[in-house]
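Taking it in order: structure first as structure tokens, then the write-up.
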Amino acid sequence: MSRRVHVAAAVIRRGGQIFVARRPAHLHMGGLWEFPGGKVEPGESVQDALARELTEELGIQVHTSSPLIQVPYDYPDKSVLLDVWEVNDFGGEPAGLEGQETRWVTPSALGSLEFPAANKPIVDAACLPPVCAISRPAESLQAWLADLQAGVMRGVRLFVLRPPLGFSAEPEQLLKAVGSLTHAREVQWQWHRDLFANAGAMPALLAGASNYGVHLPSTALSGPCEALPEGVGLISASCHSLAEMQAAKAVHARFLLLSPVAETKQYASHQLLGWSAFADWVAGCQLPVYGLGGLSLGDVAQARAHGGQGIALQRGW
């Protein structure tokens, strides 16, 4: 296969919406939607290429941009590296200067549009926040819910709900209680697989809300992975090795928690990834990845700079 083509692409945001364009019918993969951008020329930085392409295609001037995700992808006829950046500050009004159809859409509406296969991880990255909160044990269901509600009111929009809970409760009771929280429908809730005694019952239990998904522990990835039932929603997974990351992709996980990045009480120093290894592992993953372990809210920019979606926290969210 020929040399991988380096392409700069932009997730352009304004007022809670994202700008997308439709490829003209006569082009490769014509008729599909995409995130605007274009080829990085030899000797050109990704940021310069992005700014140039957005001016040429849309007539806007990029003021600031930040890395979001890199997606290496092999099509039958070519190999590409999509280097995707978020653009939140720009001048001008974007328009399809090359005749392409354009549209502002909400993140939730991205899933209803048809994108090239390589763009699907970008859709997930565009919809996921930079911080993933992990639930903490509590003495009672009421205290557990109060902790979650406090996080939601502080702006947390992604939770992994995992054992131990610190109290006894049936899955149906937990689902109903979480669903009753203020702004619960604005949050993505990833339910740990081990909260469900019967994996076959998961689809029926989770079918009540589109913002419910399933989180797999690393132990579920260390051996042959059993296929999840149909209809379980968004799948995420905890990983500690490249093998587990590949196994998570095999069961169609859409984002990962990768640990341990920094020092924690649970891991010895030789077990830590550090940011360099984190970046190396994420580079070929093709999925949004959150760094986990020994991190704080102040590490979001560090995670983004090393190819991550952001950070996952059990404390400090």
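By convention here, the chains of the structure tokens are called A, B, ... in the order presented, each chain's residues are numbered starting at 1, and ligands are numbered starting at 1 in the order presented.
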inquiry  = Using only C-alpha atoms, which protein or nucleic acid residues come within 7 Å of Leu234 (chain A)? Drop anything in the same chain fewer than 5 positions from it, and give the result as a PyMOL selection string.
reply    = chain A and resi 213-214+254
What does the file look like for those residues with N, CA, C and O atoms, as a PDB file, in the first residue's frame?
ATOM      1  N   GLY A 213     -25.095   2.983  28.611  1.00  0.00           N
ATOM      2  CA  GLY A 213     -24.203   2.062  27.930  1.00  0.00           C
ATOM      3  C   GLY A 213     -23.613   1.082  28.920  1.00  0.00           C
ATOM      4  O   GLY A 213     -23.952   1.086  30.113  1.00  0.00           O
ATOM      5  N   VAL A 214     -22.702   0.221  28.441  1.00  0.00           N
ATOM      6  CA  VAL A 214     -22.091  -0.816  29.277  1.00  0.00           C
ATOM      7  C   VAL A 214     -20.578  -0.620  29.312  1.00  0.00           C
ATOM      8  O   VAL A 214     -19.950  -0.368  28.281  1.00  0.00           O
ATOM      9  N   ARG A 254     -16.361   1.664  22.109  1.00  0.00           N
ATOM     10  CA  ARG A 254     -16.315   2.957  21.421  1.00  0.00           C
ATOM     11  C   ARG A 254     -15.366   3.936  22.099  1.00  0.00           C
ATOM     12  O   ARG A 254     -14.958   4.915  21.480  1.00  0.00           O
TER      13      ARG A 254
END
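Neighbouring residues of Thr55 (chain A) at 9 Å or closer, counting only C-alpha atoms and skipping chain neighbours under 6 positions away, are Gln61, Val62 and Pro94 of chain A.
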query = Hey, what does DSSP flag as strand (DSSP E or B) within region 137-302 of chain A? Can you give it to me as number ranges by chain?
reply = A: 158-161, 188-192, 212-216, 234-239, 255-258, 289-292
Take the residues from that selection and put them in a file with C-alpha atoms, as an mmCIF file, in the first residue's frame.
data_model
loop_
_atom_site.group_PDB
_atom_site.id
_atom_site.type_symbol
_atom_site.label_atom_id
_atom_site.label_comp_id
_atom_site.auth_asym_id
_atom_site.auth_seq_id
_atom_site.Cartn_x
_atom_site.Cartn_y
_atom_site.Cartn_z
ATOM 1 C CA LEU A 158 -19.921 11.196 31.416
ATOM 2 C CA PHE A 159 -19.938 8.672 34.262
ATOM 3 C CA VAL A 160 -18.720 5.106 34.607
ATOM 4 C CA LEU A 161 -20.821 3.538 37.360
ATOM 5 C CA GLN A 188 -23.945 9.488 29.323
ATOM 6 C CA TRP A 189 -24.118 6.745 31.982
ATOM 7 C CA GLN A 190 -21.822 3.736 31.448
ATOM 8 C CA TRP A 191 -23.006 0.860 33.645
ATOM 9 C CA HIS A 192 -20.293 -1.574 34.732
ATOM 10 C CA TYR A 212 -27.150 4.273 28.919
ATOM 11 C CA GLY A 213 -24.203 2.062 27.930
ATOM 12 C CA VAL A 214 -22.091 -0.816 29.277
ATOM 13 C CA HIS A 215 -18.568 -0.635 30.684
ATOM 14 C CA LEU A 216 -16.351 -3.726 30.560
ATOM 15 C CA LEU A 234 -22.444 2.470 23.912
ATOM 16 C CA ILE A 235 -19.658 0.084 24.999
ATOM 17 C CA SER A 236 -16.564 1.242 26.883
ATOM 18 C CA ALA A 237 -13.754 -0.698 28.548
ATOM 19 C CA SER A 238 -10.897 -0.446 31.058
ATOM 20 C CA CYS A 239 -7.504 -1.479 29.661
ATOM 21 C CA PHE A 255 -13.970 4.461 24.018
ATOM 22 C CA LEU A 256 -11.398 3.244 26.542
ATOM 23 C CA LEU A 257 -9.979 4.044 29.965
ATOM 24 C CA LEU A 258 -6.226 3.347 29.909
ATOM 25 C CA VAL A 289 -8.942 7.043 25.083
ATOM 26 C CA TYR A 290 -9.062 8.539 28.588
ATOM 27 C CA GLY A 291 -5.975 8.476 30.778
ATOM 28 C CA LEU A 292 -6.613 7.062 34.257
#
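Those residues that approach region 145-153 of chain A to within 10 Å, counting only C-alpha atoms, are Ala133, Ile134, Ser135, Arg136, Pro137, Ala138, Ser140, Leu141, Arg157, Leu158, Phe159, Leu161, Leu174, Ala177, Val178, Ser180, Leu181, Thr182, His183, Ala184, Glu186, Val187, Gly316 and Trp317 of chain A; same-chain residues fewer than 4 positions away are not listed.
Among the candidates A:Ala243, A:Ala209, A:Ala248, A:Val123, the one nearest to Leu228 (chain A) when counting only C-alpha atoms is A:Ala248.
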note = Among A:Gly200, A:Gly111, A:Gly38, A:Gly155, Leu81 (chain A) is approached most closely, using only C-alpha atoms, by A:Gly38
Nearby residues (only C-alpha atoms) at most 12 Å from Glu139 (chain A), same-chain spacing under 5 positions excluded, as number ranges by chain = A: 144-147, 164-169
What does the file look like for those residues with all heavy atoms, as a JSON list (two decimals), in the first residue's frame?
[["chain", "number", "residue", "atom", "x", "y", "z"],
["A", 144, "TRP", "N", -24.98, 7.85, 47.54],
["A", 144, "TRP", "CA", -24.40, 7.59, 46.22],
["A", 144, "TRP", "C", -25.01, 8.51, 45.18],
["A", 144, "TRP", "O", -24.30, 9.13, 44.38],
["A", 144, "TRP", "CB", -24.63, 6.13, 45.88],
["A", 144, "TRP", "CG", -23.94, 5.61, 44.66],
["A", 144, "TRP", "CD1", -22.60, 5.37, 44.49],
["A", 144, "TRP", "CD2", -24.58, 5.18, 43.45],
["A", 144, "TRP", "NE1", -22.37, 4.85, 43.24],
["A", 144, "TRP", "CE2", -23.56, 4.72, 42.58],
["A", 144, "TRP", "CE3", -25.91, 5.14, 43.02],
["A", 144, "TRP", "CZ2", -23.83, 4.23, 41.30],
["A", 144, "TRP", "CZ3", -26.19, 4.65, 41.75],
["A", 144, "TRP", "CH2", -25.16, 4.21, 40.90],
["A", 145, "LEU", "N", -26.33, 8.62, 45.21],
["A", 145, "LEU", "CA", -27.03, 9.49, 44.26],
["A", 145, "LEU", "C", -26.66, 10.96, 44.47],
["A", 145, "LEU", "O", -26.50, 11.72, 43.51],
["A", 145, "LEU", "CB", -28.54, 9.31, 44.39],
["A", 145, "LEU", "CG", -29.11, 7.98, 43.91],
["A", 145, "LEU", "CD1", -30.58, 7.87, 44.28],
["A", 145, "LEU", "CD2", -28.92, 7.82, 42.41],
["A", 146, "ALA", "N", -26.54, 11.36, 45.74],
["A", 146, "ALA", "CA", -26.18, 12.75, 46.03],
["A", 146, "ALA", "C", -24.80, 13.08, 45.47],
["A", 146, "ALA", "O", -24.57, 14.19, 44.96],
["A", 146, "ALA", "CB", -26.22, 13.00, 47.54],
["A", 147, "ASP", "N", -23.88, 12.13, 45.54],
["A", 147, "ASP", "CA", -22.54, 12.33, 45.00],
["A", 147, "ASP", "C", -22.60, 12.50, 43.48],
["A", 147, "ASP", "O", -21.96, 13.39, 42.90],
["A", 147, "ASP", "CB", -21.66, 11.14, 45.38],
["A", 147, "ASP", "CG", -20.17, 11.42, 45.19],
["A", 147, "ASP", "OD1", -19.75, 12.59, 45.31],
["A", 147, "ASP", "OD2", -19.42, 10.46, 44.92],
["A", 164, "PRO", "N", -17.22, -1.38, 43.84],
["A", 164, "PRO", "CA", -18.28, -1.64, 44.84],
["A", 164, "PRO", "C", -19.12, -0.40, 45.08],
["A", 164, "PRO", "O", -18.63, 0.73, 45.01],
["A", 164, "PRO", "CB", -17.47, -2.00, 46.10],
["A", 164, "PRO", "CG", -16.20, -1.21, 45.95],
["A", 164, "PRO", "CD", -15.89, -1.23, 44.47],
["A", 165, "LEU", "N", -20.39, -0.65, 45.39],
["A", 165, "LEU", "CA", -21.30, 0.46, 45.67],
["A", 165, "LEU", "C", -21.26, 0.88, 47.13],
["A", 165, "LEU", "O", -21.50, 2.03, 47.45],
["A", 165, "LEU", "CB", -22.73, 0.05, 45.30],
["A", 165, "LEU", "CG", -22.99, -0.27, 43.83],
["A", 165, "LEU", "CD1", -24.42, -0.79, 43.65],
["A", 165, "LEU", "CD2", -22.76, 0.95, 42.97],
["A", 166, "GLY", "N", -21.00, -0.09, 48.02],
["A", 166, "GLY", "CA", -21.02, 0.20, 49.45],
["A", 166, "GLY", "C", -22.38, -0.08, 50.08],
["A", 166, "GLY", "O", -22.56, 0.08, 51.28],
["A", 167, "PHE", "N", -23.34, -0.50, 49.26],
["A", 167, "PHE", "CA", -24.69, -0.83, 49.73],
["A", 167, "PHE", "C", -25.28, -1.83, 48.75],
["A", 167, "PHE", "O", -24.74, -2.08, 47.67],
["A", 167, "PHE", "CB", -25.57, 0.43, 49.80],
["A", 167, "PHE", "CG", -25.67, 1.16, 48.49],
["A", 167, "PHE", "CD1", -26.67, 0.87, 47.58],
["A", 167, "PHE", "CD2", -24.74, 2.14, 48.16],
["A", 167, "PHE", "CE1", -26.75, 1.52, 46.36],
["A", 167, "PHE", "CE2", -24.82, 2.81, 46.94],
["A", 167, "PHE", "CZ", -25.82, 2.50, 46.03],
["A", 168, "SER", "N", -26.41, -2.41, 49.13],
["A", 168, "SER", "CA", -27.07, -3.41, 48.27],
["A", 168, "SER", "C", -28.22, -2.76, 47.52],
["A", 168, "SER", "O", -29.01, -2.01, 48.10],
["A", 168, "SER", "CB", -27.59, -4.58, 49.11],
["A", 168, "SER", "OG", -26.52, -5.24, 49.75],
["A", 169, "ALA", "N", -28.31, -3.06, 46.22],
["A", 169, "ALA", "CA", -29.42, -2.55, 45.41],
["A", 169, "ALA", "C", -29.54, -3.38, 44.15],
["A", 169, "ALA", "O", -28.54, -3.87, 43.61],
["A", 169, "ALA", "CB", -29.20, -1.09, 45.06]]
Any idea what's packed within 8 Å of Phe19 (chain A), counting only C-alpha atoms, ignoring anything in its chain fewer than 6 positions away? Could you give it as a PDB file with N, CA, C and O atoms, in the first residue's frame?
ATOM      1  N   VAL A  11     -13.076  19.673  13.939  1.00  0.00           N
ATOM      2  CA  VAL A  11     -14.385  19.665  14.587  1.00  0.00           C
ATOM      3  C   VAL A  11     -14.633  21.116  15.011  1.00  0.00           C
ATOM      4  O   VAL A  11     -14.067  21.592  15.996  1.00  0.00           O
ATOM      5  N   ILE A  12     -15.429  21.819  14.229  1.00  0.00           N
ATOM      6  CA  ILE A  12     -15.689  23.247  14.448  1.00  0.00           C
ATOM      7  C   ILE A  12     -16.938  23.382  15.307  1.00  0.00           C
ATOM      8  O   ILE A  12     -18.011  22.876  14.949  1.00  0.00           O
ATOM      9  N   ARG A  13     -16.804  24.054  16.441  1.00  0.00           N
ATOM     10  CA  ARG A  13     -17.918  24.176  17.386  1.00  0.00           C
ATOM     11  C   ARG A  13     -18.366  25.629  17.521  1.00  0.00           C
ATOM     12  O   ARG A  13     -17.551  26.549  17.527  1.00  0.00           O
ATOM     13  N   PHE A  35     -15.883  15.923   8.317  1.00  0.00           N
ATOM     14  CA  PHE A  35     -15.397  17.081   9.053  1.00  0.00           C
ATOM     15  C   PHE A  35     -14.413  17.815   8.143  1.00  0.00           C
ATOM     16  O   PHE A  35     -13.508  17.194   7.592  1.00  0.00           O
ATOM     17  N   THR A 102     -23.394  22.156   3.449  1.00  0.00           N
ATOM     18  CA  THR A 102     -22.890  22.278   4.821  1.00  0.00           C
ATOM     19  C   THR A 102     -24.056  22.369   5.792  1.00  0.00           C
ATOM     20  O   THR A 102     -25.183  22.695   5.408  1.00  0.00           O
ATOM     21  N   ARG A 103     -23.745  22.090   7.057  1.00  0.00           N
ATOM     22  CA  ARG A 103     -24.822  22.081   8.050  1.00  0.00           C
ATOM     23  C   ARG A 103     -24.235  22.215   9.452  1.00  0.00           C
ATOM     24  O   ARG A 103     -23.179  21.666   9.741  1.00  0.00           O
ATOM     25  N   TRP A 104     -24.924  22.951  10.321  1.00  0.00           N
ATOM     26  CA  TRP A 104     -24.640  22.948  11.751  1.00  0.00           C
ATOM     27  C   TRP A 104     -25.558  21.917  12.398  1.00  0.00           C
ATOM     28  O   TRP A 104     -26.771  21.933  12.168  1.00  0.00           O
ATOM     29  N   VAL A 105     -24.998  21.010  13.191  1.00  0.00           N
ATOM     30  CA  VAL A 105     -25.809  19.982  13.840  1.00  0.00           C
ATOM     31  C   VAL A 105     -25.414  19.864  15.310  1.00  0.00           C
ATOM     32  O   VAL A 105     -24.298  20.214  15.698  1.00  0.00           O
TER      33      VAL A 105
END
inquiry  = Can you pull out the residues contacting Leu297 (chain A)? Cut-off 12 Å, using only C-alpha atoms, and skip same-chain residues under 5 positions away; I want them as a VMD selection string.
reply    = chain A and resid 130 to 133 156 291 to 292 302 to 303 310 to 317
Write the selection just made, keeping all heavy atoms, as a CSV table (one decimal), in the first residue's frame?
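The resulting file, again_39.csv, is reproduced below:
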chain,number,residue,atom,x,y,z
A,130,PRO,N,-14.2,15.9,27.8
A,130,PRO,CA,-12.8,15.7,28.2
A,130,PRO,C,-12.6,15.0,29.6
A,130,PRO,O,-11.5,14.6,29.9
A,130,PRO,CB,-12.2,17.1,28.2
A,130,PRO,CG,-13.3,18.0,28.5
A,130,PRO,CD,-14.5,17.4,27.9
A,131,VAL,N,-13.7,14.9,30.4
A,131,VAL,CA,-13.6,14.3,31.7
A,131,VAL,C,-14.6,13.2,31.8
A,131,VAL,O,-15.8,13.4,31.5
A,131,VAL,CB,-13.8,15.4,32.8
A,131,VAL,CG1,-13.8,14.7,34.2
A,131,VAL,CG2,-12.7,16.5,32.8
A,132,CYS,N,-14.1,12.1,32.3
A,132,CYS,CA,-15.0,10.9,32.6
A,132,CYS,C,-14.9,10.7,34.1
A,132,CYS,O,-13.8,10.4,34.6
A,132,CYS,CB,-14.5,9.7,31.8
A,132,CYS,SG,-15.4,8.2,32.3
A,133,ALA,N,-16.0,10.7,34.8
A,133,ALA,CA,-16.1,10.5,36.2
A,133,ALA,C,-16.4,9.1,36.5
A,133,ALA,O,-17.3,8.5,35.9
A,133,ALA,CB,-17.1,11.4,36.9
A,156,VAL,N,-20.3,17.6,35.0
A,156,VAL,CA,-19.8,16.3,34.5
A,156,VAL,C,-20.9,15.7,33.6
A,156,VAL,O,-22.1,15.7,34.0
A,156,VAL,CB,-19.6,15.3,35.7
A,156,VAL,CG1,-19.2,13.9,35.2
A,156,VAL,CG2,-18.5,15.9,36.6
A,291,GLY,N,-7.0,8.9,29.8
A,291,GLY,CA,-6.0,8.5,30.8
A,291,GLY,C,-6.5,8.3,32.2
A,291,GLY,O,-7.4,9.1,32.6
A,292,LEU,N,-6.1,7.3,32.9
A,292,LEU,CA,-6.6,7.1,34.3
A,292,LEU,C,-5.5,6.7,35.2
A,292,LEU,O,-4.5,6.0,34.7
A,292,LEU,CB,-7.6,5.9,34.2
A,292,LEU,CG,-8.2,5.3,35.5
A,292,LEU,CD1,-8.9,6.4,36.3
A,292,LEU,CD2,-9.1,4.1,35.3
A,302,GLN,N,-2.7,17.9,29.2
A,302,GLN,CA,-1.6,17.0,29.1
A,302,GLN,C,-2.1,15.7,28.3
A,302,GLN,O,-1.4,15.2,27.4
A,302,GLN,CB,-1.0,16.6,30.4
A,302,GLN,CG,0.2,15.7,30.4
A,302,GLN,CD,1.5,16.4,30.2
A,302,GLN,OE1,1.7,17.1,29.2
A,302,GLN,NE2,2.4,16.2,31.2
A,303,ALA,N,-3.2,15.2,28.7
A,303,ALA,CA,-3.8,14.1,28.0
A,303,ALA,C,-4.1,14.4,26.6
A,303,ALA,O,-3.8,13.6,25.7
A,303,ALA,CB,-5.1,13.6,28.8
A,310,GLY,N,-9.1,12.7,27.0
A,310,GLY,CA,-9.1,13.5,28.3
A,310,GLY,C,-8.6,12.6,29.4
A,310,GLY,O,-7.8,11.7,29.2
A,311,ILE,N,-9.2,12.8,30.6
A,311,ILE,CA,-8.9,12.0,31.8
A,311,ILE,C,-10.1,11.4,32.4
A,311,ILE,O,-11.2,11.9,32.3
A,311,ILE,CB,-8.1,12.9,32.8
A,311,ILE,CG1,-9.0,14.0,33.2
A,311,ILE,CG2,-6.8,13.4,32.2
A,311,ILE,CD1,-8.4,14.8,34.4
A,312,ALA,N,-9.9,10.3,33.1
A,312,ALA,CA,-10.9,9.7,33.9
A,312,ALA,C,-10.5,9.8,35.4
A,312,ALA,O,-9.3,9.6,35.7
A,312,ALA,CB,-11.1,8.2,33.5
A,313,LEU,N,-11.4,10.1,36.3
A,313,LEU,CA,-11.1,10.3,37.7
A,313,LEU,C,-12.1,9.6,38.6
A,313,LEU,O,-13.3,9.6,38.3
A,313,LEU,CB,-11.2,11.8,38.0
A,313,LEU,CG,-10.3,12.8,37.2
A,313,LEU,CD1,-10.7,14.2,37.5
A,313,LEU,CD2,-8.9,12.6,37.6
A,314,GLN,N,-11.6,9.1,39.7
A,314,GLN,CA,-12.6,8.6,40.7
A,314,GLN,C,-12.6,9.7,41.9
A,314,GLN,O,-13.6,9.8,42.6
A,314,GLN,CB,-12.2,7.3,41.3
A,314,GLN,CG,-13.2,6.7,42.3
A,314,GLN,CD,-13.0,5.2,42.6
A,314,GLN,OE1,-11.9,4.8,42.6
A,314,GLN,NE2,-14.1,4.5,42.8
A,315,ARG,N,-11.5,10.4,42.0
A,315,ARG,CA,-11.5,11.5,43.0
A,315,ARG,C,-11.3,12.8,42.3
A,315,ARG,O,-10.6,12.9,41.2
A,315,ARG,CB,-10.3,11.3,44.0
A,315,ARG,CG,-10.5,10.0,44.8
A,315,ARG,CD,-9.3,9.8,45.7
A,315,ARG,NE,-9.4,8.6,46.5
A,315,ARG,CZ,-9.0,7.4,46.1
A,315,ARG,NH1,-8.5,7.2,44.8
A,315,ARG,NH2,-9.1,6.3,46.8
A,316,GLY,N,-11.8,13.9,42.8
A,316,GLY,CA,-11.5,15.2,42.3
A,316,GLY,C,-12.4,15.6,41.2
A,316,GLY,O,-12.1,16.7,40.5
A,317,TRP,N,-13.5,14.9,40.9
A,317,TRP,CA,-14.4,15.4,39.8
A,317,TRP,C,-15.5,16.2,40.4
A,317,TRP,O,-16.2,16.8,39.6
A,317,TRP,CB,-14.9,14.2,38.9
A,317,TRP,CG,-15.5,13.0,39.6
A,317,TRP,CD1,-14.8,11.8,39.8
A,317,TRP,CD2,-16.8,12.9,40.2
A,317,TRP,NE1,-15.7,10.9,40.5
A,317,TRP,CE2,-16.9,11.5,40.7
A,317,TRP,CE3,-17.9,13.7,40.4
A,317,TRP,CZ2,-18.0,11.0,41.4
A,317,TRP,CZ3,-19.0,13.2,41.0
A,317,TRP,CH2,-19.1,11.9,41.5
ask   = What is the distance between CA of Arg52 (chain A) and CA of Ala126 (chain A), in Å to one decimal?
value = 21.7 Å
ask   = Where in region 52-197 of chain A does DSSP assign alpha helix (DSSP H), given as an MDAnalysis selection string?
value = chainID A and resid 52:58 120:127 141:153 171:179
Just N, CA, C and O atoms for this one: save the residues we selected as a CSV table (one decimal), in the first residue's frame.
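File written: out.csv
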chain,number,residue,atom,x,y,z
A,52,ARG,N,-5.2,26.8,6.6
A,52,ARG,CA,-5.3,27.0,5.1
A,52,ARG,C,-6.5,26.4,4.5
A,52,ARG,O,-7.2,27.0,3.7
A,53,GLU,N,-6.7,25.1,4.8
A,53,GLU,CA,-7.8,24.4,4.2
A,53,GLU,C,-9.2,25.0,4.6
A,53,GLU,O,-10.1,25.1,3.8
A,54,LEU,N,-9.3,25.5,5.9
A,54,LEU,CA,-10.6,26.0,6.3
A,54,LEU,C,-10.8,27.4,5.7
A,54,LEU,O,-12.0,27.8,5.5
A,55,THR,N,-9.8,28.1,5.4
A,55,THR,CA,-9.9,29.4,4.7
A,55,THR,C,-10.4,29.1,3.3
A,55,THR,O,-11.3,29.8,2.7
A,56,GLU,N,-9.7,28.1,2.6
A,56,GLU,CA,-10.0,27.8,1.2
A,56,GLU,C,-11.4,27.2,1.0
A,56,GLU,O,-12.1,27.6,0.1
A,57,GLU,N,-11.8,26.3,1.9
A,57,GLU,CA,-13.0,25.6,1.8
A,57,GLU,C,-14.2,26.3,2.3
A,57,GLU,O,-15.3,26.3,1.8
A,58,LEU,N,-14.0,27.0,3.5
A,58,LEU,CA,-15.1,27.6,4.2
A,58,LEU,C,-15.1,29.1,4.3
A,58,LEU,O,-16.1,29.7,4.8
A,120,LYS,N,-15.8,7.6,11.9
A,120,LYS,CA,-16.7,7.2,13.0
A,120,LYS,C,-16.1,7.4,14.4
A,120,LYS,O,-16.7,7.9,15.3
A,121,PRO,N,-14.8,7.2,14.6
A,121,PRO,CA,-14.2,7.5,15.9
A,121,PRO,C,-14.2,9.0,16.1
A,121,PRO,O,-14.2,9.4,17.3
A,122,ILE,N,-14.1,9.8,15.0
A,122,ILE,CA,-14.2,11.3,15.2
A,122,ILE,C,-15.5,11.7,15.7
A,122,ILE,O,-15.6,12.6,16.6
A,123,VAL,N,-16.6,11.1,15.2
A,123,VAL,CA,-17.9,11.3,15.7
A,123,VAL,C,-18.0,11.1,17.2
A,123,VAL,O,-18.5,11.9,18.0
A,124,ASP,N,-17.5,9.9,17.7
A,124,ASP,CA,-17.5,9.6,19.1
A,124,ASP,C,-16.7,10.6,19.9
A,124,ASP,O,-17.1,11.1,20.9
A,125,ALA,N,-15.5,11.0,19.4
A,125,ALA,CA,-14.6,12.0,20.1
A,125,ALA,C,-15.3,13.3,20.2
A,125,ALA,O,-15.2,14.0,21.2
A,126,ALA,N,-16.0,13.7,19.1
A,126,ALA,CA,-16.7,15.0,19.1
A,126,ALA,C,-17.8,15.0,20.1
A,126,ALA,O,-18.2,16.1,20.6
A,127,CYS,N,-18.4,13.9,20.4
A,127,CYS,CA,-19.5,13.8,21.3
A,127,CYS,C,-19.1,13.6,22.8
A,127,CYS,O,-19.9,13.9,23.7
A,141,LEU,N,-27.8,4.3,49.1
A,141,LEU,CA,-28.2,4.7,47.8
A,141,LEU,C,-28.4,6.2,47.7
A,141,LEU,O,-28.0,6.8,46.8
A,142,GLN,N,-28.9,6.8,48.8
A,142,GLN,CA,-29.2,8.2,48.8
A,142,GLN,C,-27.9,9.0,48.7
A,142,GLN,O,-27.7,10.0,48.0
A,143,ALA,N,-26.8,8.5,49.5
A,143,ALA,CA,-25.6,9.2,49.5
A,143,ALA,C,-24.9,9.0,48.2
A,143,ALA,O,-24.2,10.0,47.7
A,144,TRP,N,-25.0,7.9,47.5
A,144,TRP,CA,-24.4,7.6,46.2
A,144,TRP,C,-25.0,8.5,45.2
A,144,TRP,O,-24.3,9.1,44.4
A,145,LEU,N,-26.3,8.6,45.2
A,145,LEU,CA,-27.0,9.5,44.3
A,145,LEU,C,-26.7,11.0,44.5
A,145,LEU,O,-26.5,11.7,43.5
A,146,ALA,N,-26.5,11.4,45.7
A,146,ALA,CA,-26.2,12.8,46.0
A,146,ALA,C,-24.8,13.1,45.5
A,146,ALA,O,-24.6,14.2,45.0
A,147,ASP,N,-23.9,12.1,45.5
A,147,ASP,CA,-22.5,12.3,45.0
A,147,ASP,C,-22.6,12.5,43.5
A,147,ASP,O,-22.0,13.4,42.9
A,148,LEU,N,-23.4,11.6,42.8
A,148,LEU,CA,-23.5,11.7,41.4
A,148,LEU,C,-24.2,13.0,41.0
A,148,LEU,O,-23.8,13.7,40.0
A,149,GLN,N,-25.2,13.4,41.7
A,149,GLN,CA,-26.0,14.7,41.4
A,149,GLN,C,-25.1,15.9,41.5
A,149,GLN,O,-25.1,16.8,40.7
A,150,ALA,N,-24.2,15.9,42.6
A,150,ALA,CA,-23.3,17.0,42.7
A,150,ALA,C,-22.3,17.1,41.5
A,150,ALA,O,-22.0,18.2,41.1
A,151,GLY,N,-21.9,15.9,41.0
A,151,GLY,CA,-21.0,15.9,39.8
A,151,GLY,C,-21.7,16.5,38.6
A,151,GLY,O,-21.2,17.3,37.8
A,152,VAL,N,-23.0,16.0,38.4
A,152,VAL,CA,-23.8,16.5,37.3
A,152,VAL,C,-24.0,18.0,37.4
A,152,VAL,O,-23.8,18.7,36.4
A,153,MET,N,-24.2,18.5,38.5
A,153,MET,CA,-24.5,20.0,38.7
A,153,MET,C,-23.2,20.8,38.5
A,153,MET,O,-23.2,22.0,38.2
A,171,PRO,N,-30.3,-3.9,40.1
A,171,PRO,CA,-30.1,-3.1,38.9
A,171,PRO,C,-31.3,-2.2,38.5
A,171,PRO,O,-31.1,-1.1,38.2
A,172,GLU,N,-32.5,-2.8,38.6
A,172,GLU,CA,-33.7,-2.0,38.3
A,172,GLU,C,-33.8,-0.8,39.2
A,172,GLU,O,-34.1,0.3,38.7
A,173,GLN,N,-33.5,-1.0,40.5
A,173,GLN,CA,-33.6,0.1,41.4
A,173,GLN,C,-32.5,1.2,41.1
A,173,GLN,O,-32.8,2.4,41.2
A,174,LEU,N,-31.3,0.8,40.8
A,174,LEU,CA,-30.2,1.7,40.4
A,174,LEU,C,-30.6,2.5,39.2
A,174,LEU,O,-30.4,3.7,39.1
A,175,LEU,N,-31.1,1.8,38.2
A,175,LEU,CA,-31.4,2.5,36.9
A,175,LEU,C,-32.5,3.5,37.1
A,175,LEU,O,-32.4,4.7,36.6
A,176,LYS,N,-33.5,3.2,37.9
A,176,LYS,CA,-34.6,4.1,38.2
A,176,LYS,C,-34.1,5.3,39.0
A,176,LYS,O,-34.5,6.5,38.7
A,177,ALA,N,-33.2,5.1,39.9
A,177,ALA,CA,-32.7,6.1,40.8
A,177,ALA,C,-31.9,7.1,40.0
A,177,ALA,O,-32.0,8.3,40.1
A,178,VAL,N,-31.0,6.6,39.2
A,178,VAL,CA,-30.1,7.5,38.4
A,178,VAL,C,-30.9,8.2,37.4
A,178,VAL,O,-30.7,9.4,37.1
A,179,GLY,N,-31.9,7.6,36.8
A,179,GLY,CA,-32.8,8.3,35.8
A,179,GLY,C,-33.6,9.4,36.4
A,179,GLY,O,-34.0,10.3,35.7
